[in-house]
Amino acid sequence: MDKKESFEQAHQSESAQKMCKDGNLNKQKRRMLLKGTAALPVVMTLYSGAALARSSNITGEAGDVGDAVFVDESSPKLLCVYWNEKLDNGAYDLGDTPGYTLITDPPINPLTDDPATVLTKKNAQLEECHRIGGIMISGAAFTSIAAKSGAFDGLMNL
Amino acid sequence: MRLQNKGLRVAMGPFNVCIQTQYKPLIVQLYTLYSHYRLAQDEIAEFHVRIVTERSIKNPLKLKVRFLIDGQSPFESFPEDQALAVLEWGINLAIAVRVNHFLLLHSAVVEKNNNVMLFPAWPGSGKTTLCTALSHRGFRLFSDEFGLMDFRQGVFHPLPRLMPLKNESIPVIRKHLPEAVIGQPIPNTHKGTVAHVCPPEESLQLSKNTAKARWIIFPKWVAESATRLEPIADAEAFMLLASNAFNYEVLGASGFRAVAQLISSCDCYTLVYSDLDEITAALHHLVDET
Amino acid sequence: MRWLSNNFHSLLIADWEDEYTVFQPDSGKTHFLNRMSMQMLSFLDQHPASSAEVCSYLSREFERETNQNFQDSIEKILYHFDALGLIRKEN
């Protein structure tokens, strides 16, 4: 059997292809804009879980350091999340599994530091987070991203 | 009273949502913004949601609100003035995560002449603003957020919900659509200031009327840009649409067939726009010449 | 070393006129292939072939000369197909 015939038979056995053929007669004008006629073979694979991951892990920076997530009540450390891309609307795409670090300096002791000092130190931690290319996120964003991506599983034991 | 007791069952497209809250400012907002929704008090509700209030241990004077679905809390609590935004966000999340009997696209959807036009897009692409404008100017609103495709029947189900305008789009729509019913702006949410637009009453009344898709348009708002509507190749549209669906991978081969069916029956375009009058006219022209 | 296709018959293929979207039930993944990469899979579904034979076939089908760059590209795609589970090495 001719190879090309066989190839077409393999295709035609699939219902999806039949569906596509039926509706395509009026589409000749806009074919092959992607890479169909490239002189080299092209393969691209749909990114796994793209829609839900991306829609879930796009967030804005917390509006105020008071709304940001600090880990470890006895010695609060700012959760500083790295972002992949800053979007046109000012939001951040954190990627599928957001990376993060905890900011430890200056150390905060809620038992001995008065509220004004705690706030000053939290802002200093935020400055450090920004300096290394991260953002603070709100508790809501944290919960949503943690549930979807498991990105912060390492924090759950703290 | 029902909102405060057993909950108010509200028909939202193919779903019934039972909403319960004791929080009076939210009750007032809901009775205003949900006034044209059909009640489904004697029907089964797919989603049972509540907004409850709580006080912070650290700051007992500060009242916060928490969203619950089936008694579970998927989020942290929020400032009380964000109750409506939290409720709407929570219902959307519940639909996005739980609905798998439809192909669920992240898309604005409108209809004209019994043909559906899809606007699949990521957050920040301006789809809610565009959808708000179109649904007040001759198109029927299906949804600003979800394309619900029954892939066995090949039809889309309307799911007209409040449309959350964000930040600068609020004054833009106020000016563009003075007749639109818009709730109070809610500042300082995680998406900035949000104000909810009521779906047009006619769209709510026709929310049982399904239709087939005819156009797929991938929109992007770019400031000061001229309107550009350009055809794209089917294979490229396929990959874009599949990656846009919330549950494409969950549906497996059914998802593939559904997307293939959609692409084969639709004309696919990319759209760059900034002027709402211009794009509204262009899309009416596109529909009318078909 | 020779390659052959892996469960080619199980693939769902949507044909968009020389561009293809392919659902692979074994992995649950969806791929985009252009005409040349689809011809490679189809060729390897007929019988096992070395990368040189694949190159030779494609150069005939697409009326182009083979050179080192082309051979390298084919080789790269073959290994990529292998990683995706679309083809496998002959035992």
# chains A, B, ... in the order shown; residues from 1 in each chain; ligands from 1
$ closest_atom_pairs --of "chain B" --to "chain A" --cutoff "6 Å" --atoms "only C-alpha atoms" --output "Markdown table"
| residue | atom | partner | partner_atom | distance |
| --- | --- | --- | --- | --- |
| B:Phe75 | CA | A:Ala140 | CA | 5.5 |
| B:Glu76 | CA | A:Ala140 | CA | 5.1 |
| B:Gly124 | CA | A:Asn89 | CA | 5.7 |
| B:His190 | CA | A:Gly60 | CA | 6.0 |
| B:Ala233 | CA | A:Arg31 | CA | 5.3 |
| B:Ser243 | CA | A:Ala51 | CA | 5.4 |
| B:Asn244 | CA | A:Ala51 | CA | 4.9 |
| B:Ala245 | CA | A:Ala51 | CA | 5.7 |
| B:Phe246 | CA | A:Leu52 | CA | 5.2 |
| B:Arg257 | CA | A:Ala16 | CA | 5.6 |
| B:Ser264 | CA | A:Cys20 | CA | 4.8 |
| B:Ser265 | CA | A:Gly23 | CA | 5.6 |
$ residues_around --residues "Gln39 (chain C)" --least-positions-apart "3" --cutoff "9 Å" --atoms "only C-alpha atoms" --output "VMD selection string"
(chain A and resid 4 7 41) or (chain C and resid 34 to 36 42 to 44 58 61)
$ select_by_dssp --residues "region 110-270 of chain B" --states "strand (DSSP E)" --output "PyMOL selection string"
chain B and resi 110-112+115-120+140-143+146-150+155-157+163-166+186-189+192-197+212-221+228-231+267-270
$ residues_around --residues "Leu33 (chain C)" --least-positions-apart "2" --cutoff "6 Å" --atoms "only C-alpha atoms" --output "VMD selection string"
(chain A and resid 42 to 43) or (chain C and resid 20 37 to 38)
$ residues_around --residues "Ile132 (chain A)" --least-positions-apart "2" --cutoff "12 Å" --atoms "only C-alpha atoms" --output "PyMOL selection string"
chain A and resi 80-83+100-103+125-130+134-136
$ write_last_selection --atoms "C-alpha atoms" --output "CSV table (one decimal), in the first residue's frame"
chain,number,residue,atom,x,y,z
A,80,CYS,CA,8.4,37.0,49.2
A,81,VAL,CA,7.1,35.4,46.0
A,82,TYR,CA,9.1,35.6,42.7
A,83,TRP,CA,7.1,36.4,39.6
A,100,TYR,CA,9.4,32.1,47.1
A,101,THR,CA,11.8,32.9,49.9
A,102,LEU,CA,11.2,34.0,53.4
A,103,ILE,CA,12.8,37.4,54.4
A,125,GLN,CA,11.6,43.2,54.9
A,126,LEU,CA,9.4,44.3,52.0
A,127,GLU,CA,12.2,46.5,50.7
A,128,GLU,CA,14.5,43.5,50.7
A,129,CYS,CA,11.9,41.4,48.9
A,130,HIS,CA,11.5,44.0,46.2
A,134,GLY,CA,9.9,39.5,44.6
A,135,ILE,CA,6.5,40.8,45.7
A,136,MET,CA,4.4,40.4,48.8
$ residues_around --residues "region 197-212 of chain B" --least-positions-apart "6" --cutoff "6 Å" --atoms "only C-alpha atoms" --output "PyMOL selection string"
chain B and resi 13+33+114-116+140-141+155-158+162-163+181-182
$ select_by_dssp --residues "region 111-144 of chain B" --states "helix (DSSP H, G or I)" --output "list in words"
Lys127, Thr128, Thr129, Leu130, Cys131, Thr132, Ala133, Leu134 and Ser135 of chain B
$ atom_distance --atom1 "CA of Ser59 (chain C)" --atom2 "CA of His31 (chain C)"
23.5 Å
$ decode --residues "region 164-286 of chain B" --atoms "C-alpha atoms" --output "PDB file, in the first residue's frame"
ATOM      1  CA  PRO B 164     -16.925  43.133  37.554  1.00  0.00           C
ATOM      2  CA  LEU B 165     -15.360  46.208  35.982  1.00  0.00           C
ATOM      3  CA  LYS B 166     -11.935  47.013  37.294  1.00  0.00           C
ATOM      4  CA  ASN B 167     -10.148  50.300  37.932  1.00  0.00           C
ATOM      5  CA  GLU B 168     -10.081  52.657  34.944  1.00  0.00           C
ATOM      6  CA  SER B 169     -12.737  50.684  33.049  1.00  0.00           C
ATOM      7  CA  ILE B 170     -15.340  51.823  35.615  1.00  0.00           C
ATOM      8  CA  PRO B 171     -15.391  55.521  34.523  1.00  0.00           C
ATOM      9  CA  VAL B 172     -14.988  54.428  30.908  1.00  0.00           C
ATOM     10  CA  ILE B 173     -18.182  52.354  31.055  1.00  0.00           C
ATOM     11  CA  ARG B 174     -20.041  54.966  33.126  1.00  0.00           C
ATOM     12  CA  LYS B 175     -19.380  57.461  30.361  1.00  0.00           C
ATOM     13  CA  HIS B 176     -19.955  55.045  27.490  1.00  0.00           C
ATOM     14  CA  LEU B 177     -23.100  53.439  28.906  1.00  0.00           C
ATOM     15  CA  PRO B 178     -24.913  55.945  31.110  1.00  0.00           C
ATOM     16  CA  GLU B 179     -27.901  53.602  31.258  1.00  0.00           C
ATOM     17  CA  ALA B 180     -25.924  50.694  32.730  1.00  0.00           C
ATOM     18  CA  VAL B 181     -26.812  49.687  36.287  1.00  0.00           C
ATOM     19  CA  ILE B 182     -23.523  49.655  38.189  1.00  0.00           C
ATOM     20  CA  GLY B 183     -23.020  48.841  41.862  1.00  0.00           C
ATOM     21  CA  GLN B 184     -20.960  50.875  44.297  1.00  0.00           C
ATOM     22  CA  PRO B 185     -17.201  50.747  43.566  1.00  0.00           C
ATOM     23  CA  ILE B 186     -15.343  48.479  45.969  1.00  0.00           C
ATOM     24  CA  PRO B 187     -11.819  49.798  46.522  1.00  0.00           C
ATOM     25  CA  ASN B 188      -8.640  47.967  47.561  1.00  0.00           C
ATOM     26  CA  THR B 189      -9.552  44.478  46.396  1.00  0.00           C
ATOM     27  CA  HIS B 190      -6.739  42.261  45.159  1.00  0.00           C
ATOM     28  CA  LYS B 191      -7.713  43.390  41.671  1.00  0.00           C
ATOM     29  CA  GLY B 192      -7.905  47.079  42.595  1.00  0.00           C
ATOM     30  CA  THR B 193     -11.234  48.891  42.588  1.00  0.00           C
ATOM     31  CA  VAL B 194     -14.115  46.773  41.346  1.00  0.00           C
ATOM     32  CA  ALA B 195     -17.674  47.778  40.408  1.00  0.00           C
ATOM     33  CA  HIS B 196     -20.284  45.274  39.274  1.00  0.00           C
ATOM     34  CA  VAL B 197     -22.528  45.855  36.265  1.00  0.00           C
ATOM     35  CA  CYS B 198     -25.977  44.239  36.149  1.00  0.00           C
ATOM     36  CA  PRO B 199     -26.618  42.124  33.074  1.00  0.00           C
ATOM     37  CA  PRO B 200     -29.249  43.697  30.812  1.00  0.00           C
ATOM     38  CA  GLU B 201     -32.706  42.468  31.793  1.00  0.00           C
ATOM     39  CA  GLU B 202     -33.363  40.929  28.368  1.00  0.00           C
ATOM     40  CA  SER B 203     -30.207  38.802  28.632  1.00  0.00           C
ATOM     41  CA  LEU B 204     -31.460  37.450  31.948  1.00  0.00           C
ATOM     42  CA  GLN B 205     -34.907  36.686  30.562  1.00  0.00           C
ATOM     43  CA  LEU B 206     -33.398  34.739  27.658  1.00  0.00           C
ATOM     44  CA  SER B 207     -30.833  32.925  29.760  1.00  0.00           C
ATOM     45  CA  LYS B 208     -32.290  29.501  28.926  1.00  0.00           C
ATOM     46  CA  ASN B 209     -31.801  30.065  25.188  1.00  0.00           C
ATOM     47  CA  THR B 210     -28.681  28.274  23.979  1.00  0.00           C
ATOM     48  CA  ALA B 211     -26.918  28.911  20.659  1.00  0.00           C
ATOM     49  CA  LYS B 212     -24.039  27.638  18.544  1.00  0.00           C
ATOM     50  CA  ALA B 213     -20.731  29.438  18.215  1.00  0.00           C
ATOM     51  CA  ARG B 214     -19.884  31.161  14.941  1.00  0.00           C
ATOM     52  CA  TRP B 215     -16.882  33.368  15.769  1.00  0.00           C
ATOM     53  CA  ILE B 216     -13.885  33.018  18.064  1.00  0.00           C
ATOM     54  CA  ILE B 217     -12.085  36.302  18.652  1.00  0.00           C
ATOM     55  CA  PHE B 218      -8.989  36.567  20.851  1.00  0.00           C
ATOM     56  CA  PRO B 219      -9.135  40.154  22.142  1.00  0.00           C
ATOM     57  CA  LYS B 220      -6.517  42.467  23.552  1.00  0.00           C
ATOM     58  CA  TRP B 221      -7.113  46.034  24.666  1.00  0.00           C
ATOM     59  CA  VAL B 222      -4.179  48.286  23.790  1.00  0.00           C
ATOM     60  CA  ALA B 223      -4.392  51.977  24.667  1.00  0.00           C
ATOM     61  CA  GLU B 224      -4.797  54.322  21.699  1.00  0.00           C
ATOM     62  CA  SER B 225      -4.671  51.438  19.208  1.00  0.00           C
ATOM     63  CA  ALA B 226      -6.688  51.337  16.013  1.00  0.00           C
ATOM     64  CA  THR B 227      -9.162  48.465  15.747  1.00  0.00           C
ATOM     65  CA  ARG B 228      -7.503  45.475  14.086  1.00  0.00           C
ATOM     66  CA  LEU B 229      -9.453  42.281  13.454  1.00  0.00           C
ATOM     67  CA  GLU B 230      -7.268  39.716  11.716  1.00  0.00           C
ATOM     68  CA  PRO B 231      -7.986  36.090  10.799  1.00  0.00           C
ATOM     69  CA  ILE B 232      -5.747  33.469  12.330  1.00  0.00           C
ATOM     70  CA  ALA B 233      -4.983  29.948  11.222  1.00  0.00           C
ATOM     71  CA  ASP B 234      -7.218  27.207  12.539  1.00  0.00           C
ATOM     72  CA  ALA B 235      -4.407  25.194  14.084  1.00  0.00           C
ATOM     73  CA  GLU B 236      -3.129  28.226  15.960  1.00  0.00           C
ATOM     74  CA  ALA B 237      -6.669  29.043  17.126  1.00  0.00           C
ATOM     75  CA  PHE B 238      -7.029  25.423  18.262  1.00  0.00           C
ATOM     76  CA  MET B 239      -3.934  25.608  20.451  1.00  0.00           C
ATOM     77  CA  LEU B 240      -4.930  28.995  21.873  1.00  0.00           C
ATOM     78  CA  LEU B 241      -8.447  27.842  22.660  1.00  0.00           C
ATOM     79  CA  ALA B 242      -7.398  24.526  24.200  1.00  0.00           C
ATOM     80  CA  SER B 243      -4.932  26.302  26.478  1.00  0.00           C
ATOM     81  CA  ASN B 244      -7.659  28.751  27.435  1.00  0.00           C
ATOM     82  CA  ALA B 245     -10.140  26.106  28.613  1.00  0.00           C
ATOM     83  CA  PHE B 246     -10.240  25.506  32.361  1.00  0.00           C
ATOM     84  CA  ASN B 247     -10.938  21.806  32.010  1.00  0.00           C
ATOM     85  CA  TYR B 248      -9.498  20.829  28.609  1.00  0.00           C
ATOM     86  CA  GLU B 249      -7.132  18.259  30.067  1.00  0.00           C
ATOM     87  CA  VAL B 250      -9.717  16.853  32.447  1.00  0.00           C
ATOM     88  CA  LEU B 251     -12.016  16.114  29.517  1.00  0.00           C
ATOM     89  CA  GLY B 252      -9.315  14.281  27.556  1.00  0.00           C
ATOM     90  CA  ALA B 253     -10.449  13.117  24.095  1.00  0.00           C
ATOM     91  CA  SER B 254     -13.868  14.748  24.603  1.00  0.00           C
ATOM     92  CA  GLY B 255     -12.129  18.087  25.128  1.00  0.00           C
ATOM     93  CA  PHE B 256     -10.076  17.608  21.970  1.00  0.00           C
ATOM     94  CA  ARG B 257     -13.171  16.773  19.923  1.00  0.00           C
ATOM     95  CA  ALA B 258     -15.076  19.702  21.400  1.00  0.00           C
ATOM     96  CA  VAL B 259     -12.320  22.187  20.533  1.00  0.00           C
ATOM     97  CA  ALA B 260     -11.952  20.665  17.050  1.00  0.00           C
ATOM     98  CA  GLN B 261     -15.700  20.960  16.533  1.00  0.00           C
ATOM     99  CA  LEU B 262     -15.646  24.583  17.662  1.00  0.00           C
ATOM    100  CA  ILE B 263     -12.739  25.611  15.466  1.00  0.00           C
ATOM    101  CA  SER B 264     -14.215  23.882  12.441  1.00  0.00           C
ATOM    102  CA  SER B 265     -17.525  25.682  12.822  1.00  0.00           C
ATOM    103  CA  CYS B 266     -16.145  29.132  13.635  1.00  0.00           C
ATOM    104  CA  ASP B 267     -14.195  31.910  11.962  1.00  0.00           C
ATOM    105  CA  CYS B 268     -11.245  32.767  14.179  1.00  0.00           C
ATOM    106  CA  TYR B 269      -9.621  36.169  14.639  1.00  0.00           C
ATOM    107  CA  THR B 270      -7.299  38.136  16.809  1.00  0.00           C
ATOM    108  CA  LEU B 271      -8.512  41.554  17.855  1.00  0.00           C
ATOM    109  CA  VAL B 272      -6.650  44.620  19.072  1.00  0.00           C
ATOM    110  CA  TYR B 273      -8.863  47.517  20.091  1.00  0.00           C
ATOM    111  CA  SER B 274      -9.180  50.587  22.242  1.00  0.00           C
ATOM    112  CA  ASP B 275     -12.294  52.415  21.048  1.00  0.00           C
ATOM    113  CA  LEU B 276     -15.538  50.816  22.204  1.00  0.00           C
ATOM    114  CA  ASP B 277     -17.739  52.525  19.586  1.00  0.00           C
ATOM    115  CA  GLU B 278     -15.412  51.456  16.816  1.00  0.00           C
ATOM    116  CA  ILE B 279     -15.168  47.830  17.868  1.00  0.00           C
ATOM    117  CA  THR B 280     -18.910  47.591  18.513  1.00  0.00           C
ATOM    118  CA  ALA B 281     -19.604  48.805  14.970  1.00  0.00           C
ATOM    119  CA  ALA B 282     -16.976  46.465  13.525  1.00  0.00           C
ATOM    120  CA  LEU B 283     -18.448  43.426  15.270  1.00  0.00           C
ATOM    121  CA  HIS B 284     -22.004  44.284  14.207  1.00  0.00           C
ATOM    122  CA  HIS B 285     -20.687  44.534  10.665  1.00  0.00           C
ATOM    123  CA  LEU B 286     -18.982  41.148  11.009  1.00  0.00           C
TER     124      LEU B 286
END
